[in-house]
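Report on the structure given below.
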Amino acid sequence: MKYFGLFFSLFFCFFCMPVGAEEGKAAPVALPDAGQPVSLPPERVSISTGETRRFEVPFVIERYRSSTLHARVAQVEGRAFEMEGVSAGNAVVTVWSQGINKEFQVTVSSSLMPIYRELSRELGDLPEVSVELSDETLTLRGEITRTVRWDYFRRVVKRYEDRCRNYVTFHPGPKLFEELEKQLAAAGYPITDKISPQKPGQLKLQVSNGVLTVSGYLLCEDDIAAVKRILASLKWLSPEWNDGAMRVETDLRMADTQLDVGVVFVGVTRTQLERLGNSSADGTVLSWNLIAWFRALAGAAPDELAGASGGKGLYSYLNTDLKGSLIFFGNNGISDFRDAGHVTLTNNSKNFATYENGGTLNVKVYGQDTAELKPIEFGLKLKMRGGLVRADEARLELELEKSLAPIKQDEDYFQRSTKATTEILCPLNQTAVIAGQKDLTYSSSGPGGYAFLRHIPVINWFTSSSEEQQEEMLLLILVSPRIAGSPVALTSLPSDDTREVEESISRVVEEKSEKAREQESRGWFEKMFTW
């Protein structure tokens, strides 16, 4: 009967072991006693796949078993053993000795579980990103619309990029486009839905299939470069930063623009310059630097400015257009406007625009045997080219000449002229002042006073007077550029507007002709009494 019980126990242990269970022996099998074995309190254990942990029990381990293949006992040494997580799942690991055993209720989690927990914690502030763990795969999904959050997400994921699948993308939100529009508008390039060469300086934004297209007509190359610099400064438009989710393309063209440039020659005396004050032109109050500049022309720059700049290099622009500049001079008693002209030139064209107003004097030049006429031209000549370097500033190459008609002196001809060849940068709708010819005049009068007494020595100190006056005349050249206005299109045919005028004129002419024919048909006697 004793051997029958032992055989039954072995048979029960062998056939009742769960499928997939693992059992091993740490030493030669010692058969348990016929009495009831003692079970120590079970212990809960959590390990990850691939992880090996060491445990110790209060008895020498003789046998061990795992209920599933999710966990296994790797090594046994006396009272200690190592447990290894094989795959995610649950298992019960039991170790025995004679008359005593202990169970370990093991939960084997994925090896990505610590990463899952860490990522979930670090990305907890990004509700648009989800962290998923399924079938030993860690997956990130979502769409981020803000640059600050995308920067943070990239820093976090960079540490785990080999352990997870990242499907999170960046898509710029409406706020980013609003900020871009504000930045371009602040730089002088407003955003509109329609662009045209007639309204340069406006931009249009269009997004399609991950491409932002910026198009528009601008006034100069500097404007195109400025817009491209703004776009390049925004990292969210860089494919390297947004993982290819968005890129920018530009379709920026130069608008066909023409400049109107007015030129006026003004004669100003030294006395007038000294009296020149803080007057206004068209409501534009002159700056202190401008006043100092005119005083510097008269040789009296303020000490505080002369100390900083030596009386040189002060501003030479009037903060008003040509009309306002002339009003300014007129308000200060300067009305000697010598000559004026106006040219229209194509923006940044290589060709010169030329204006001439004057005449030609033919002078006889005698040779040894013959005499011939030599033409000498005089008057005003304007020759210029250039264009916009910025939306509000133009670069102009000027060749300006003003000459008088030749004067005959001692069998020769003398011609006076003022000529300036220069290159200037002038803001649009402002006036550049170029100093030209300087003339000195000298006059004297006297002695005057009481008759006879003014010629008596000593007494003439009290009874006579004389006056000597020297005046300096400075010829200033005023140059003011502006953008030419758009051409005006005809709304109707000229004949529609002038039909009535043409008919009335034709009727009057026909009546006069008919009256003239009647006069011719009358006799000489009748003509004497009709008119």
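FYI, nothing fancy with the structure tokens labels: chains A, B, ... in order, residues from 1 per chain, ligands from 1 as they appear.
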Can you build me a table of region 330-418 of chain A residues sitting at most 12 Å from region 225-248 of chain A, with the closest atom pair per residue and its distance in Å to one decimal, using only C-alpha atoms, sorted by chain and residue number, as CSV?
residue,atom,partner,partner_atom,distance
A:Val389,CA,A:Ala225,CA,11.1
A:Arg390,CA,A:Ala226,CA,9.6
A:Ala391,CA,A:Ala226,CA,10.6
If you run DSSP over the backbone, which residues in region 3-179 of chain A end up helix (DSSP H, G or I)? Put them as a JSON list (two decimals) with C-alpha atoms, in the first residue's frame.
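Saved to out_25.json:
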[["chain", "number", "residue", "atom", "x", "y", "z"],
["A", 3, "TYR", "CA", 4.43, 1.89, -2.70],
["A", 4, "PHE", "CA", 1.04, 2.28, -4.34],
["A", 5, "GLY", "CA", 0.66, 5.81, -2.79],
["A", 6, "LEU", "CA", 4.12, 6.80, -3.96],
["A", 7, "PHE", "CA", 3.41, 5.63, -7.50],
["A", 8, "PHE", "CA", 0.10, 7.52, -7.51],
["A", 9, "SER", "CA", 1.81, 10.77, -6.41],
["A", 10, "LEU", "CA", 4.40, 10.58, -9.18],
["A", 11, "PHE", "CA", 1.73, 9.76, -11.76],
["A", 12, "PHE", "CA", -0.38, 12.73, -10.65],
["A", 13, "CYS", "CA", 2.54, 15.20, -10.82],
["A", 14, "PHE", "CA", 3.54, 14.06, -14.30],
["A", 15, "PHE", "CA", 0.14, 14.04, -15.98],
["A", 113, "MET", "CA", 7.09, 48.99, -21.08],
["A", 114, "PRO", "CA", 9.64, 51.18, -19.27],
["A", 115, "ILE", "CA", 10.06, 53.21, -22.44],
["A", 116, "TYR", "CA", 6.29, 53.41, -22.83],
["A", 117, "ARG", "CA", 5.93, 54.72, -19.30],
["A", 118, "GLU", "CA", 8.76, 57.22, -19.76],
["A", 119, "LEU", "CA", 7.48, 58.50, -23.09],
["A", 120, "SER", "CA", 3.95, 58.77, -21.75],
["A", 121, "ARG", "CA", 5.26, 60.86, -18.89],
["A", 122, "GLU", "CA", 7.47, 63.14, -21.01],
["A", 147, "THR", "CA", 6.78, 75.33, -33.34],
["A", 148, "VAL", "CA", 7.56, 75.28, -29.60],
["A", 149, "ARG", "CA", 5.79, 71.93, -29.12],
["A", 150, "TRP", "CA", 7.43, 70.48, -32.21],
["A", 151, "ASP", "CA", 10.86, 71.48, -30.90],
["A", 152, "TYR", "CA", 10.13, 69.79, -27.57],
["A", 153, "PHE", "CA", 8.79, 66.64, -29.26],
["A", 154, "ARG", "CA", 11.90, 66.35, -31.45],
["A", 155, "ARG", "CA", 14.20, 66.60, -28.42],
["A", 156, "VAL", "CA", 12.28, 63.89, -26.54],
["A", 157, "VAL", "CA", 11.88, 61.42, -29.41],
["A", 174, "PRO", "CA", -3.36, 79.25, -38.60],
["A", 175, "LYS", "CA", -1.45, 81.21, -35.97],
["A", 176, "LEU", "CA", 1.86, 80.61, -37.75],
["A", 177, "PHE", "CA", 0.46, 81.96, -41.00],
["A", 178, "GLU", "CA", -1.01, 84.95, -39.17],
["A", 179, "GLU", "CA", 2.41, 85.71, -37.68]]
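Separating CA of Ala420 (chain A) from CA of Phe328 (chain A) is a distance of 23.4 Å.
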Quick one: pick out all strand (DSSP E) residues within region 194-231 of chain A from a backbone DSSP run and write them as a VMD selection string.
chain A and resid 203 to 208 211 to 218
Contact residues around region 397-399 of chain A with only C-alpha atoms at 8 Å, ignoring same-chain residues under 6 positions, as a PyMOL selection string:
chain A and resi 381-386+419-424
Of the residues A:Val57, A:Val93, A:Ile334, A:Leu478, which is the one nearest to Ala80 (chain A), using only C-alpha atoms?
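Closest to Ala80 (chain A) of all the choices is A:Val57.
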Might you pull out every residue within 12 Å of Gln36 (chain A), with only C-alpha atoms counted and same-chain residues fewer than 6 positions away left off, and present them as a PyMOL selection string?
chain A and resi 98-101
Fewer than 2 positions away in the same chain doesn't count, so skip those; otherwise give me all residues within 6 Å of region 127-132 of chain A, counting only C-alpha atoms, as a PyMOL selection string.
chain A and resi 138-142
Output the selection as a compact mmCIF listing (two decimals), in the first residue's frame - N, CA and C atoms for each residue.
# COMPACT_ATOMS: atom_id res chain seq x y z
N LEU A 138 6.08 49.87 -30.08
CA LEU A 138 5.77 51.18 -29.49
C LEU A 138 5.55 52.16 -30.64
N THR A 139 4.37 52.78 -30.69
CA THR A 139 4.00 53.65 -31.81
C THR A 139 3.57 55.01 -31.30
N LEU A 140 4.03 56.06 -31.99
CA LEU A 140 3.65 57.44 -31.69
C LEU A 140 2.85 57.98 -32.86
N ARG A 141 1.70 58.58 -32.58
CA ARG A 141 0.84 59.13 -33.61
C ARG A 141 0.36 60.53 -33.18
N GLY A 142 0.08 61.36 -34.18
CA GLY A 142 -0.47 62.68 -33.90
C GLY A 142 0.01 63.72 -34.89
